[in-house]
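> My structure is below; once you've seen it, I'll send some questions.
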Amino acid sequence: MIVPSLDRVLAKEKRSFYWLAKQTGVSHTTLWRLKKGKAVGINFETLEKICRALRCQPSDVLYLTKDTTPPRRQASKKGRKS
């Protein structure tokens with residue numbers, strides 16, 4: 001499974017999440033999903049912007065684990081009856 005490590009790279013560069021959004025022009029929502037592991041995929045252009053801003057390689061932002069089971073996602077409460 002591929003896991004994001006954006007928090008670690010941001011901390012190493014002493015930069016904030018909001019700085020990255022402003023620097024790259026990538027939406028806050030997109031970066032948040034990537035940071036939290038909620039993204040289904042990532043565009044190469046987006047990955048390149050992140051890597052250029054943070055002066056890193058894609059392998060610094062994403063890493064491969066031996067775990068093949070994705071984490072369970074909670075069902076959306078939208079449309080649920082209480």
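To be explicit about the labels: the chains of the structure tokens are called A, B, and onward in the order shown, and within each one the residues are counted from 1, while ligands get numbers from 1 in the order they are shown.
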Would you pick out the contacts of region 22-26 of chain A at 6 Å or less, using only C-alpha atoms, so that residues sharing its chain but fewer than 2 positions from it are not included, and give the list as a PyMOL selection string?

chain A and resi 19-20+49

> Using only C-alpha atoms, which protein or nucleic acid residues come within 8 Å of Glu48 (chain A)? Drop anything in the same chain fewer than 4 positions from it, and give the result as a PyMOL selection string.

chain A and resi 44+52+58

> For the atom pair CA of Lys35 (chain A) and CA of Cys51 (chain A), what is the interatomic distance in Å to one decimal place?

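Pair CA of Lys35 (chain A) / CA of Cys51 (chain A) returns 13.8 Å.
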
> Check the smallest atom-to-atom distance from each of A:Trp32, A:Ser59, A:Leu64, A:Leu54 to Lys12 (chain A) using only C-alpha atoms, then report the winner.

A:Leu54

> Please, what distance in Å, to one decimal, runs between CA of Leu34 (chain A) and CA of Leu6 (chain A)?

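Value for the CA of Leu34 (chain A)-CA of Leu6 (chain A) distance: 7.8 Å.
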
> Please run DSSP on the backbone and report, as a PyMOL selection string, all residues within chain A that come out as strand (DSSP E or B).

chain A and resi 2-4+62-64

> Could you check how far CA of Ser16 (chain A) sits from CA of Thr65 (chain A), in Å to one decimal?

25.5 Å

> Tell me which of A:Val61, A:Arg33, A:Ile42, A:Ala53 sits closest to Asp7 (chain A), counting only C-alpha atoms.

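Answer, going by the shortest atom-to-atom distance: A:Val61.
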
> Let me make sure I understand: among A:Gly37, A:Cys56, A:Tyr63, A:Thr68, which one has the smallest atom-to-atom distance to Val9 (chain A) if we use only C-alpha atoms?

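Closest to Val9 (chain A) of all the choices is A:Cys56.
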